[in-house]
$ cat entry05.cif   # mmCIF, C-alpha atoms
data_input
loop_
_atom_site.label_atom_id
_atom_site.label_comp_id
_atom_site.auth_asym_id
_atom_site.auth_seq_id
_atom_site.Cartn_x
_atom_site.Cartn_y
_atom_site.Cartn_z
CA GLY A 806 -3.27 -34.34 36.32
CA ILE A 807 -0.32 -36.32 37.61
CA GLN A 808 0.76 -35.97 41.23
CA VAL A 809 4.51 -35.88 41.75
CA GLU A 810 5.90 -36.51 45.20
CA GLN A 811 9.51 -35.73 46.00
CA SER A 812 11.37 -36.77 49.10
CA PRO A 813 12.89 -35.60 51.26
CA PRO A 814 11.62 -32.01 51.07
CA ASP A 815 14.76 -30.74 52.77
CA LEU A 816 18.24 -32.18 53.07
CA ILE A 817 21.25 -30.78 54.88
CA LEU A 818 24.62 -32.38 54.28
CA GLN A 819 28.25 -31.82 54.99
CA GLU A 820 30.62 -31.68 52.05
CA GLY A 821 31.65 -35.12 50.94
CA ALA A 822 28.45 -36.88 51.97
CA ASN A 823 26.31 -38.93 49.59
CA SER A 824 22.56 -38.61 49.17
CA THR A 825 19.57 -40.08 47.36
CA LEU A 826 16.58 -38.06 46.24
CA ARG A 827 13.37 -39.79 45.27
CA CYS A 828 10.51 -38.91 42.96
CA ASN A 829 7.22 -40.85 42.85
CA PHE A 830 4.52 -40.36 40.20
CA SER A 831 0.83 -41.10 40.65
CA ASP A 832 0.53 -42.29 37.04
CA SER A 833 2.75 -43.39 34.19
CA VAL A 834 4.92 -40.62 32.82
CA ASN A 835 7.11 -40.15 29.80
CA ASN A 836 10.09 -37.88 29.31
CA LEU A 837 11.13 -37.81 32.96
CA GLN A 838 13.66 -35.10 33.76
CA TRP A 839 15.69 -33.96 36.75
CA PHE A 840 16.58 -30.31 37.18
CA HIS A 841 18.74 -28.34 39.57
CA GLN A 842 17.63 -24.84 40.43
CA ASN A 843 20.73 -23.05 41.61
CA PRO A 844 20.74 -20.19 44.12
CA TRP A 845 20.52 -17.73 41.21
CA GLY A 846 17.24 -19.28 40.12
CA GLN A 847 18.40 -20.96 36.94
CA LEU A 848 16.88 -24.33 36.06
CA ILE A 849 19.71 -26.57 34.95
CA ASN A 850 19.00 -29.82 33.13
CA LEU A 851 20.60 -32.73 34.96
CA PHE A 852 19.10 -35.80 33.35
CA TYR A 853 16.59 -36.69 30.70
CA ILE A 854 15.80 -40.23 31.82
CA PRO A 855 12.50 -41.82 30.75
CA SER A 856 13.88 -45.18 31.90
CA GLY A 857 17.10 -46.89 32.93
CA THR A 858 20.20 -45.46 34.54
CA LYS A 859 22.48 -42.61 33.54
CA GLN A 860 25.59 -41.16 35.11
CA ASN A 861 27.20 -37.77 34.78
CA GLY A 862 30.22 -37.26 36.99
CA ARG A 863 29.20 -37.40 40.65
CA LEU A 864 25.52 -37.55 39.75
CA SER A 865 23.53 -40.49 38.54
CA ALA A 866 19.85 -41.20 38.06
CA THR A 867 17.68 -44.25 37.76
CA THR A 868 14.10 -44.40 36.53
CA VAL A 869 11.92 -47.46 36.99
CA ALA A 870 9.05 -46.50 34.71
CA THR A 871 6.94 -49.58 35.47
CA GLU A 872 6.94 -48.68 39.17
CA ARG A 873 6.57 -44.95 38.53
CA TYR A 874 9.59 -43.66 40.41
CA SER A 875 12.98 -42.15 39.81
CA LEU A 876 16.04 -41.69 42.00
CA LEU A 877 18.81 -39.10 41.85
CA TYR A 878 22.11 -39.97 43.51
CA ILE A 879 24.60 -37.32 44.50
CA SER A 880 27.98 -38.57 45.63
CA SER A 881 30.75 -36.62 47.37
CA SER A 882 28.53 -33.57 47.59
CA GLN A 883 30.01 -30.10 47.22
CA THR A 884 28.74 -26.69 48.33
CA THR A 885 27.96 -25.91 44.70
CA ASP A 886 25.38 -28.73 44.75
CA SER A 887 23.18 -26.60 47.00
CA GLY A 888 19.85 -25.57 45.58
CA VAL A 889 16.50 -27.14 44.78
CA TYR A 890 16.24 -30.38 42.84
CA PHE A 891 13.09 -30.95 40.80
CA CYS A 892 11.83 -33.95 38.94
CA ALA A 893 9.18 -33.62 36.26
CA GLY A 894 7.46 -35.78 33.70
CA ASP A 895 4.72 -35.63 31.12
CA ARG A 896 2.00 -37.95 29.89
CA GLY A 897 3.20 -38.07 26.33
CA SER A 898 -0.30 -37.31 25.10
CA THR A 899 -0.15 -33.70 26.22
CA LEU A 900 2.81 -32.62 24.12
CA GLY A 901 5.39 -32.00 26.76
CA ARG A 902 3.25 -30.55 29.53
CA LEU A 903 5.57 -31.21 32.47
CA TYR A 904 4.20 -32.01 35.90
CA PHE A 905 6.68 -30.94 38.56
CA GLY A 906 7.29 -32.14 42.07
CA ARG A 907 7.68 -29.60 44.85
CA GLY A 908 11.41 -30.14 44.96
CA THR A 909 14.09 -31.15 47.43
CA GLN A 910 15.93 -28.23 49.01
CA LEU A 911 19.56 -29.34 49.39
CA THR A 912 22.02 -27.42 51.52
CA VAL A 913 25.64 -28.54 51.57
CA TRP A 914 27.87 -27.09 54.29
CA PRO A 915 31.65 -26.88 54.01
CA ASP B 875 25.14 -19.26 22.87
CA THR B 876 22.09 -19.17 25.11
CA ALA B 877 19.62 -21.85 24.05
CA VAL B 878 16.49 -20.31 25.58
CA SER B 879 16.72 -16.65 26.45
CA GLN B 880 14.09 -14.46 27.99
CA THR B 881 14.02 -10.77 28.75
CA PRO B 882 13.92 -9.00 31.02
CA LYS B 883 15.45 -10.93 33.90
CA TYR B 884 13.87 -8.63 36.48
CA LEU B 885 10.69 -6.62 36.15
CA VAL B 886 9.33 -4.33 38.85
CA THR B 887 6.12 -2.54 38.04
CA GLN B 888 3.07 -0.97 39.62
CA MET B 889 -0.35 -2.52 39.93
CA GLY B 890 -2.53 -1.88 36.91
CA ASN B 891 0.32 -1.62 34.42
CA ASP B 892 0.71 -3.77 31.30
CA LYS B 893 3.99 -5.57 30.71
CA SER B 894 5.53 -8.08 28.32
CA ILE B 895 8.17 -10.77 28.68
CA LYS B 896 9.95 -11.98 25.57
CA CYS B 897 11.37 -15.43 24.90
CA GLU B 898 13.49 -16.78 22.09
CA GLN B 899 14.98 -20.23 21.51
CA ASN B 900 17.70 -21.17 19.05
CA LEU B 901 17.40 -24.94 19.48
CA GLY B 902 15.13 -25.44 16.48
CA HIS B 903 12.40 -26.82 18.73
CA ASP B 904 8.78 -26.79 17.61
CA THR B 905 7.13 -26.44 21.03
CA MET B 906 7.45 -23.59 23.52
CA TYR B 907 5.99 -23.09 26.98
CA TRP B 908 5.40 -20.60 29.74
CA TYR B 909 5.65 -21.83 33.33
CA LYS B 910 5.00 -19.90 36.52
CA GLN B 911 6.97 -20.51 39.71
CA ASP B 912 5.19 -19.31 42.83
CA SER B 913 6.67 -18.12 46.11
CA LYS B 914 6.90 -21.72 47.34
CA LYS B 915 8.90 -22.61 44.23
CA PHE B 916 6.13 -24.72 42.72
CA LEU B 917 6.32 -24.79 38.92
CA LYS B 918 3.13 -25.00 36.90
CA ILE B 919 2.49 -24.73 33.20
CA MET B 920 0.54 -21.77 31.87
CA PHE B 921 0.65 -22.12 28.08
CA SER B 922 2.13 -24.27 25.37
CA TYR B 923 2.53 -23.54 21.67
CA ASN B 924 3.39 -26.04 18.98
CA ASN B 925 4.42 -24.58 15.63
CA LYS B 926 2.84 -21.24 16.59
CA GLU B 927 -0.44 -22.91 17.53
CA LEU B 928 -1.79 -22.74 21.09
CA ILE B 929 -2.18 -26.29 22.40
CA ILE B 930 -2.24 -25.92 26.18
CA ASN B 931 -4.01 -23.15 28.02
CA GLU B 932 -4.22 -23.84 31.73
CA THR B 933 -6.59 -21.98 34.00
CA VAL B 934 -4.92 -18.63 33.62
CA PRO B 935 -6.67 -15.23 33.88
CA ASN B 936 -7.53 -13.62 30.55
CA ARG B 937 -5.13 -10.82 31.49
CA PHE B 938 -2.35 -13.16 30.39
CA SER B 939 -2.00 -13.47 26.63
CA PRO B 940 0.76 -15.41 24.91
CA LYS B 941 1.80 -14.61 21.39
CA SER B 942 3.99 -16.67 19.10
CA PRO B 943 5.10 -14.75 15.99
CA ASP B 944 7.16 -17.73 14.83
CA LYS B 945 8.43 -21.09 16.06
CA ALA B 946 11.44 -19.54 17.76
CA HIS B 947 9.60 -16.90 19.78
CA LEU B 948 6.93 -16.96 22.45
CA ASN B 949 6.08 -13.76 24.26
CA LEU B 950 3.87 -13.25 27.28
CA HIS B 951 1.82 -10.11 27.68
CA ILE B 952 0.14 -9.33 30.98
CA ASN B 953 -2.57 -6.67 31.31
CA SER B 954 -3.67 -4.86 34.45
CA LEU B 955 -1.04 -6.41 36.67
CA GLU B 956 -2.08 -7.46 40.17
CA LEU B 957 -0.06 -8.07 43.32
CA GLY B 958 -0.75 -11.81 43.00
CA ASP B 959 0.99 -11.91 39.64
CA SER B 960 4.32 -11.51 41.39
CA ALA B 961 6.28 -14.68 40.62
CA VAL B 962 9.08 -16.03 38.48
CA TYR B 963 8.03 -16.78 34.91
CA PHE B 964 9.99 -19.33 32.91
CA CYS B 965 9.97 -19.89 29.21
CA ALA B 966 10.91 -23.35 27.93
CA SER B 967 11.15 -25.24 24.68
CA SER B 968 11.27 -28.84 23.52
CA GLN B 969 11.02 -30.85 20.35
CA ARG B 970 7.49 -32.21 20.59
CA ALA B 971 7.43 -33.95 24.00
CA GLY B 972 11.16 -34.47 24.27
CA GLU B 973 13.63 -32.97 26.72
CA ALA B 974 12.66 -29.47 27.76
CA PHE B 975 15.11 -26.61 28.23
CA PHE B 976 14.33 -23.56 30.32
CA GLY B 977 15.26 -19.92 30.10
CA GLN B 978 16.83 -18.12 33.04
CA GLY B 979 13.49 -16.86 34.33
CA THR B 980 11.92 -13.43 34.75
CA ARG B 981 11.29 -12.31 38.29
CA LEU B 982 8.17 -10.15 38.19
CA THR B 983 7.41 -7.98 41.21
CA VAL B 984 4.18 -6.01 41.28
CA VAL B 985 4.09 -3.20 43.83
#

$ encode --input "entry05.cif" --output "structure tokens"
Amino acid sequence: GIQVEQSPPDLILQEGANSTLRCNFSDSVNNLQWFHQNPWGQLINLFYIPSGTKQNGRLSATTVATERYSLLYISSSQTTDSGVYFCAGDRGSTLGRLYFGRGTQLTVWP
Amino acid sequence: DTAVSQTPKYLVTQMGNDKSIKCEQNLGHDTMYWYKQDSKKFLKIMFSYNNKELIINETVPNRFSPKSPDKAHLNLHINSLELGDSAVYFCASSQRAGEAFFGQGTRLTVV
């Protein structure tokens, strides 16, 4: 399978700070996604970003497929950003079987 | 409108019991999945169905049996529950290998 490494594993910020989360893949992936698992356990889709850069409000993501990594930027963080951030991707040949990283646990303090 | 919905949200049951988790998606997707999230929050695929046909079956005990009556539904039946089955189970769907959407999860606790 594909190994997915996320860094950092834990991140503690004060409200208003910016942060960058990274995701490295051991092999080429398709259909790369970023998710936020909120404190209630829901997996929220943040970005579907096989390549390039996308922005959604205070969040943006960049995937460099040729170098097998993706970055998630969070600007002006808020307490509601707390939770676990996962990246995941598939091989394309296995019909959507997502390989997940172990996540970044983000805690934002007021 | 909930895109991927699964029931129940919480399930507490005794060892040895049989239980089912139901999942429905209204996105018109042709592929549905079951993922398991362990106590360390690691997510791993269990099963995948494409147009009601089983296409991915990871190393999962035979006590777990998925059933897809139609493209919009994928249920998970678990026989003879064990303590180690305690986890959060997520249903998901996608159109082929496109963007996947997840249900709210079912927290299963076996006592």

$ closest_atom_pairs --input "entry05.cif" --of "chain B" --to "chain A" --cutoff "9 Å" --atoms "all atoms listed in the file" --output "JSON lines"
{"residue": "B:Thr905", "atom": "CA", "partner": "A:Leu900", "partner_atom": "CA", "distance": 8.1}
{"residue": "B:Tyr907", "atom": "CA", "partner": "A:Arg902", "partner_atom": "CA", "distance": 8.3}
{"residue": "B:Lys914", "atom": "CA", "partner": "A:Arg907", "partner_atom": "CA", "distance": 8.3}
{"residue": "B:Lys915", "atom": "CA", "partner": "A:Arg907", "partner_atom": "CA", "distance": 7.1}
{"residue": "B:Phe916", "atom": "CA", "partner": "A:Arg907", "partner_atom": "CA", "distance": 5.5}
{"residue": "B:Leu917", "atom": "CA", "partner": "A:Phe905", "partner_atom": "CA", "distance": 6.2}
{"residue": "B:Lys918", "atom": "CA", "partner": "A:Phe905", "partner_atom": "CA", "distance": 7.1}
{"residue": "B:Ile919", "atom": "CA", "partner": "A:Arg902", "partner_atom": "CA", "distance": 6.9}
{"residue": "B:Phe921", "atom": "CA", "partner": "A:Arg902", "partner_atom": "CA", "distance": 8.9}
{"residue": "B:Ser922", "atom": "CA", "partner": "A:Arg902", "partner_atom": "CA", "distance": 7.6}
{"residue": "B:Asn924", "atom": "CA", "partner": "A:Leu900", "partner_atom": "CA", "distance": 8.4}
{"residue": "B:Ile929", "atom": "CA", "partner": "A:Leu900", "partner_atom": "CA", "distance": 8.2}
{"residue": "B:Ile930", "atom": "CA", "partner": "A:Arg902", "partner_atom": "CA", "distance": 7.9}
{"residue": "B:Val962", "atom": "CA", "partner": "A:Gly846", "partner_atom": "CA", "distance": 8.9}
{"residue": "B:Ser968", "atom": "CA", "partner": "A:Gly901", "partner_atom": "CA", "distance": 7.4}
{"residue": "B:Gln969", "atom": "CA", "partner": "A:Gly901", "partner_atom": "CA", "distance": 8.6}
{"residue": "B:Arg970", "atom": "CA", "partner": "A:Leu900", "partner_atom": "CA", "distance": 5.9}
{"residue": "B:Ala971", "atom": "CA", "partner": "A:Gly901", "partner_atom": "CA", "distance": 3.9}
{"residue": "B:Gly972", "atom": "CA", "partner": "A:Asn836", "partner_atom": "CA", "distance": 6.2}
{"residue": "B:Glu973", "atom": "CA", "partner": "A:Tyr853", "partner_atom": "CA", "distance": 6.2}
{"residue": "B:Ala974", "atom": "CA", "partner": "A:Gly901", "partner_atom": "CA", "distance": 7.8}
{"residue": "B:Phe975", "atom": "CA", "partner": "A:Asn850", "partner_atom": "CA", "distance": 7.0}
{"residue": "B:Phe976", "atom": "CA", "partner": "A:Leu848", "partner_atom": "CA", "distance": 6.3}
{"residue": "B:Gly977", "atom": "CA", "partner": "A:Leu848", "partner_atom": "CA", "distance": 7.6}
{"residue": "B:Gln978", "atom": "CA", "partner": "A:Gln847", "partner_atom": "CA", "distance": 5.1}
{"residue": "B:Gly979", "atom": "CA", "partner": "A:Gln847", "partner_atom": "CA", "distance": 6.9}

$ residues_around --input "entry05.cif" --residues "Gln883 in chain A" --least-positions-apart "6" --cutoff "10 Å" --atoms "all atoms listed in the file" --output "PyMOL selection string"
chain A and resi 818-823+863+912-915

$ resolve_selection --input "entry05.cif" --expression "the PyMOL selection byres ((chain B and resi 938) around 9)" --output "ChimeraX atom specification"
/B:934-937,939-940,950-953

$ atom_distance --input "entry05.cif" --atom1 "CA of Tyr878 in chain A" --atom2 "CA of Asp815 in chain A"
15.0 Å

$ atom_distance --input "entry05.cif" --atom1 "CA of Tyr909 in chain B" --atom2 "CA of Thr980 in chain B"
10.6 Å

$ residues_around --input "entry05.cif" --residues "Cys897 in chain B" --least-positions-apart "6" --cutoff "8 Å" --atoms "all atoms listed in the file" --output "ChimeraX atom specification"
/B:878-881,947-949,965,977

$ closest_residue --input "entry05.cif" --among "B:Glu956, B:Glu927, B:Asp912, B:Glu932" --to "Val985 in chain B" --atoms "only C-alpha atoms"
B:Glu956

$ resolve_selection --input "entry05.cif" --expression "the PyMOL selection byres ((chain B and resi 901) around 8)" --output "ChimeraX atom specification"
/B:877-878,899-900,902-903

$ atom_distance --input "entry05.cif" --atom1 "CA of Ile817 in chain A" --atom2 "CA of Gln910 in chain A"
8.3 Å

$ closest_residue --input "entry05.cif" --among "A:Ser880, A:Ser831, A:Thr825, A:Thr909" --to "Asn861 in chain A" --atoms "all atoms listed in the file"
A:Ser880

$ closest_residue --input "entry05.cif" --among "A:His841, A:Val869, A:Gly857, A:Ser875" --to "Ser887 in chain A" --atoms "all atoms listed in the file"
A:His841

$ resolve_selection --input "entry05.cif" --expression "the PyMOL selection byres ((chain B and resi 957) around 10)" --output "list in words"
Thr887, Gln888, Met889, Gly890, Leu955, Glu956, Gly958, Asp959, Ser960, Ala961, Leu982, Thr983, Val984 and Val985 of chain B
